[in-house]
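Report on one structure; see the data block that follows.
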Amino acid sequence: MKTYRDFIRITTADKREIRDITREVSQIIAKSGVQDGMVLLFPHHTSASVYVSDSDATLTEDFMGLMERIVPAGEYKHDLTDARRNGRAHLMSLLSGHNLTLPVTEGALDLGVYQTVYYAEFDGMREKEILVKVMGE
Amino acid sequence: MKTYRDFIRITTADKREIRDITREVSQIIAKSGVQDGMVLLFPHHTSASVYVSDSDATLTEDFMGLMERIVPAGEYKHDLTDARRNGRAHLMSLLSGHNLTLPVTEGALDLGVYQTVYYAEFDGMREKEILVKVMGE
Amino acid sequence: MKTYRDFIRITTADKREIRDITREVSQIIAKSGVQDGMVLLFPHHTSASVYVSDSDATLTEDFMGLMERIVPAGEYKHDLTDARRNGRAHLMSLLSGHNLTLPVTEGALDLGVYQTVYYAEFDGMREKEILVKVMGE
């Protein structure tokens with residue numbers, strides 16, 4: 001089994017922001033030389049998530065709106081111990097799955113026609129890193 | 001590493017429906033010849049999910065009931081751009097995890113005694129495909 | 001590809017409890033001899049979850065608080081068929097993702113500086129087992 005390890009680094013302009021990272025992931029798969037296997041996208045922070053969805057700007061708005069409704073602003077215990085007061089961001093990350101394993105076939109992401117890989121930042125405006133681990137043949 | 005790629009195709013009778021796909025997944029693992037490794041179940045649509053749960057019809061009802069409560073009917077921005085008006089279905093898929101990686105041992109699914117693999121359709125009555133990628137030795 | 005299969009067994013003192021299992025997972029990776037690849041943590045019960053988060057006791061309290069709020073106590077259909085009446089526990093497990101795939105690099109977990117692996121029990125006070133499957137080179 002061949003493995004390849006790289007990072008995508010993102011600093012968002014806003015505290016909460018969703019960004020299409022399909023191109024960056026595809027470039028790393030191409031560099032890896034892996035033809036068949038999978039790629040694990042693992043943010044090295046737990047105040048962000050990687051997920052797959054249809055490519056549509058309204059859908060990213062709906063998704064963030066859902067997160068903001070399910071995990072409302074308020075007093076979280078974590079905010080008393082962490083100067084960033086990002087308890088809400090951590091809960092959004094946990095609820096939306098944090099990391100993602102994607103299939104790789106013939107040297108490329110094996111996604112449905114409309115599917116896109118998104119990075120959801122819940123506590124941004126500082127550099128975050130997403131570990132990209134490609135594994136296969 | 002050996003890999004094997006196949007599809008499970010499902011057209012549900014209802015818009016929202018949950019179906020046991022354990023047998024179909026097991027058959028693909030048998031065809032793959034993989035004895036030890038894992039299988040990635042990846043719907044090529046983001047208005048459905050694959051998940052593992054105990055085998056019990058009441059539990060699938062409770063699960064869909066939870067989804068309907070957390071992601072209520074209403075106006076989603078995505079509905080204004082997509083003729084299928086399936087914003088709600090997309091959010092249910094995102095919240096329930098969409099895809100699933102399962103362990104394979106001795107040529108079969110390595111699940112707990114009561115565990116079953118389910119496909120949850122949130123926008124059905126049309127053909128959907130689930131990519132099944134088996135990887136291992 | 002090398003694979004290694006082991007279990008972590010946990011009996012919690014309380015019905016709902018969150019426990020740091022990073023050390024146990026790391027020991028199994030060391031025993032596996034796998035230097036580069038991934039580890040799949042798969043509870044053989046669907047009334048518990050494994051997840052990654054920052055190491056902070058207040059955050060585990062916030063997480064369990066969120067689960068208790070989103071999946072409130074009440075009548076679930078599953079409770080009518082299962083003597084354990086653990087429908088709520090099953091839904092908490094489904095919503096929090098149940099299982100987890102983690103990257104392994106240079107023979108160890110490849111996590112962010114603050115990241116910790118947690119086991120969330122939603123129906124404890126009896127022995128549960130988490131399958132730990134290490135795969136790689």
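By order in the structure tokens, chains are A, B, ...; within a chain, residues start at 1; ligands start at 1, following the order shown.
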For chain C, report every residue with an atom at most 12 Å from chain B (counting only C-alpha atoms), formatted as a PDB file with C-alpha atoms, in the first residue's frame.
```pdb
ATOM      1  CA  MET C   1      -1.277  -4.179   3.419  1.00  0.00           C
ATOM      2  CA  LYS C   2      -0.907  -5.223   7.036  1.00  0.00           C
ATOM      3  CA  THR C   3      -4.006  -5.364   9.244  1.00  0.00           C
ATOM      4  CA  TYR C   4      -4.371  -5.811  12.998  1.00  0.00           C
ATOM      5  CA  ARG C   5      -7.594  -6.367  14.959  1.00  0.00           C
ATOM      6  CA  ASP C   6      -8.110  -5.813  18.663  1.00  0.00           C
ATOM      7  CA  GLY C  37      -2.032   4.026   7.345  1.00  0.00           C
ATOM      8  CA  MET C  38      -5.155   4.425   9.457  1.00  0.00           C
ATOM      9  CA  VAL C  39      -7.148   2.973  12.314  1.00  0.00           C
ATOM     10  CA  LEU C  40     -10.899   2.359  12.278  1.00  0.00           C
ATOM     11  CA  LEU C  41     -12.600   2.548  15.692  1.00  0.00           C
ATOM     12  CA  PHE C  42     -15.918   0.757  15.423  1.00  0.00           C
ATOM     13  CA  PRO C  43     -18.093   0.190  18.531  1.00  0.00           C
ATOM     14  CA  HIS C  44     -19.865  -3.163  18.234  1.00  0.00           C
ATOM     15  CA  HIS C  45     -22.928  -1.492  19.791  1.00  0.00           C
ATOM     16  CA  THR C  46     -24.993   1.385  18.389  1.00  0.00           C
ATOM     17  CA  SER C  47     -25.680   3.065  21.721  1.00  0.00           C
ATOM     18  CA  ALA C  48     -22.195   4.591  21.934  1.00  0.00           C
ATOM     19  CA  SER C  49     -19.892   6.696  19.740  1.00  0.00           C
ATOM     20  CA  ARG C  69     -31.048  18.684  24.391  1.00  0.00           C
ATOM     21  CA  ILE C  70     -31.319  17.520  20.767  1.00  0.00           C
ATOM     22  CA  VAL C  71     -32.476  14.007  21.686  1.00  0.00           C
ATOM     23  CA  PRO C  72     -34.717  14.753  24.690  1.00  0.00           C
ATOM     24  CA  GLY C  74     -39.413  10.943  25.939  1.00  0.00           C
ATOM     25  CA  GLU C  75     -41.300   8.085  24.394  1.00  0.00           C
ATOM     26  CA  TYR C  76     -39.406   6.432  21.568  1.00  0.00           C
ATOM     27  CA  LYS C  77     -40.996   3.585  19.607  1.00  0.00           C
ATOM     28  CA  HIS C  78     -37.932   1.418  20.165  1.00  0.00           C
ATOM     29  CA  ASP C  79     -38.603   1.519  23.931  1.00  0.00           C
ATOM     30  CA  LEU C  80     -41.765  -0.515  23.415  1.00  0.00           C
ATOM     31  CA  THR C  81     -39.826  -3.416  21.873  1.00  0.00           C
ATOM     32  CA  ASP C  82     -36.546  -3.383  23.818  1.00  0.00           C
ATOM     33  CA  ARG C  85     -35.674   1.163  26.712  1.00  0.00           C
ATOM     34  CA  ASN C  86     -32.607   2.693  25.068  1.00  0.00           C
ATOM     35  CA  GLY C  87     -34.128   4.344  21.989  1.00  0.00           C
ATOM     36  CA  ARG C  88     -32.753   7.682  23.133  1.00  0.00           C
ATOM     37  CA  ALA C  89     -29.237   6.212  23.451  1.00  0.00           C
ATOM     38  CA  HIS C  90     -29.405   4.804  19.929  1.00  0.00           C
ATOM     39  CA  LEU C  91     -30.418   8.170  18.492  1.00  0.00           C
ATOM     40  CA  MET C  92     -27.586   9.933  20.342  1.00  0.00           C
ATOM     41  CA  SER C  93     -25.140   7.416  18.864  1.00  0.00           C
ATOM     42  CA  LEU C  94     -26.475   7.921  15.324  1.00  0.00           C
ATOM     43  CA  LEU C  95     -26.374  11.705  15.602  1.00  0.00           C
ATOM     44  CA  SER C  96     -22.819  11.813  16.939  1.00  0.00           C
ATOM     45  CA  GLY C  97     -21.382   9.586  14.220  1.00  0.00           C
ATOM     46  CA  HIS C  98     -20.851   6.247  16.010  1.00  0.00           C
ATOM     47  CA  ASN C  99     -17.475   5.296  14.486  1.00  0.00           C
ATOM     48  CA  LEU C 100     -14.235   7.037  13.541  1.00  0.00           C
ATOM     49  CA  THR C 101     -11.328   6.660  11.111  1.00  0.00           C
ATOM     50  CA  LEU C 102      -8.044   8.189  12.293  1.00  0.00           C
ATOM     51  CA  LYS C 128     -19.231  -2.693  25.622  1.00  0.00           C
ATOM     52  CA  GLU C 129     -16.557  -3.474  23.044  1.00  0.00           C
ATOM     53  CA  ILE C 130     -14.960  -1.199  20.479  1.00  0.00           C
ATOM     54  CA  LEU C 131     -13.363  -2.933  17.507  1.00  0.00           C
ATOM     55  CA  VAL C 132      -9.996  -1.372  16.683  1.00  0.00           C
ATOM     56  CA  LYS C 133      -8.807  -2.220  13.185  1.00  0.00           C
ATOM     57  CA  VAL C 134      -5.379  -0.915  12.157  1.00  0.00           C
ATOM     58  CA  MET C 135      -4.564  -0.992   8.434  1.00  0.00           C
ATOM     59  CA  GLY C 136      -1.445   0.085   6.551  1.00  0.00           C
ATOM     60  CA  GLU C 137       2.221  -0.716   6.092  1.00  0.00           C
TER      61      GLU C 137
END
```
Q: For each of C:Lys15, C:Val50, C:Arg9, C:Gln27, take the minimum atom-to-atom distance to Ala120 of chain C, counting only C-alpha atoms, then give the residue where this is smallest.
A: C:Val50
Q) Hey, can you check how far atom CA of Ser26 of chain C sits from atom CA of Gly107 of chain C? A) 8.9 Å
Q) Where in chain C does DSSP assign alpha helix (DSSP H), given as a VMD selection string? A) chain C and resid 22 to 32 57 to 70 87 to 95
Could you take the residues named above and write them with C-alpha atoms, as a CSV table (one decimal), in the first residue's frame?
```
chain,number,residue,atom,x,y,z
C,22,THR,CA,-6.3,7.9,23.3
C,23,ARG,CA,-3.8,5.9,25.3
C,24,GLU,CA,-5.6,2.5,24.6
C,25,VAL,CA,-5.8,3.3,20.9
C,26,SER,CA,-2.1,4.3,20.8
C,27,GLN,CA,-1.1,1.1,22.5
C,28,ILE,CA,-3.0,-1.0,20.0
C,29,ILE,CA,-1.3,0.9,17.1
C,30,ALA,CA,2.1,0.2,18.7
C,31,LYS,CA,1.2,-3.5,19.0
C,32,SER,CA,0.0,-3.6,15.3
C,57,ALA,CA,-13.4,18.3,30.5
C,58,THR,CA,-15.8,21.3,30.0
C,59,LEU,CA,-16.1,20.3,26.3
C,60,THR,CA,-17.2,16.8,27.1
C,61,GLU,CA,-19.9,18.2,29.4
C,62,ASP,CA,-21.0,20.6,26.6
C,63,PHE,CA,-21.1,17.7,24.1
C,64,MET,CA,-23.3,15.5,26.3
C,65,GLY,CA,-25.5,18.5,27.1
C,66,LEU,CA,-26.0,19.1,23.4
C,67,MET,CA,-27.0,15.4,22.9
C,68,GLU,CA,-29.4,15.6,25.8
C,69,ARG,CA,-31.0,18.7,24.4
C,70,ILE,CA,-31.3,17.5,20.8
C,87,GLY,CA,-34.1,4.3,22.0
C,88,ARG,CA,-32.8,7.7,23.1
C,89,ALA,CA,-29.2,6.2,23.5
C,90,HIS,CA,-29.4,4.8,19.9
C,91,LEU,CA,-30.4,8.2,18.5
C,92,MET,CA,-27.6,9.9,20.3
C,93,SER,CA,-25.1,7.4,18.9
C,94,LEU,CA,-26.5,7.9,15.3
C,95,LEU,CA,-26.4,11.7,15.6
```
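Distance-wise, atom CA of Glu127 of chain C and atom CA of Val34 of chain C end up 27.9 Å apart.
All residues within segment 23-126 of chain A that the backbone DSSP calculation assigns to strand (DSSP E) are Gly37, Met38, Val39, Leu40, Leu41, Phe42, Pro43, Ala48, Ser49, Val50, Tyr51, Val52, Ser53, Asp54, Leu100, Thr101, Leu102, Pro103, Val104, Thr105, Ala108, Leu109, Gln115, Thr116, Val117, Tyr118, Tyr119, Ala120 and Glu121 of chain A.
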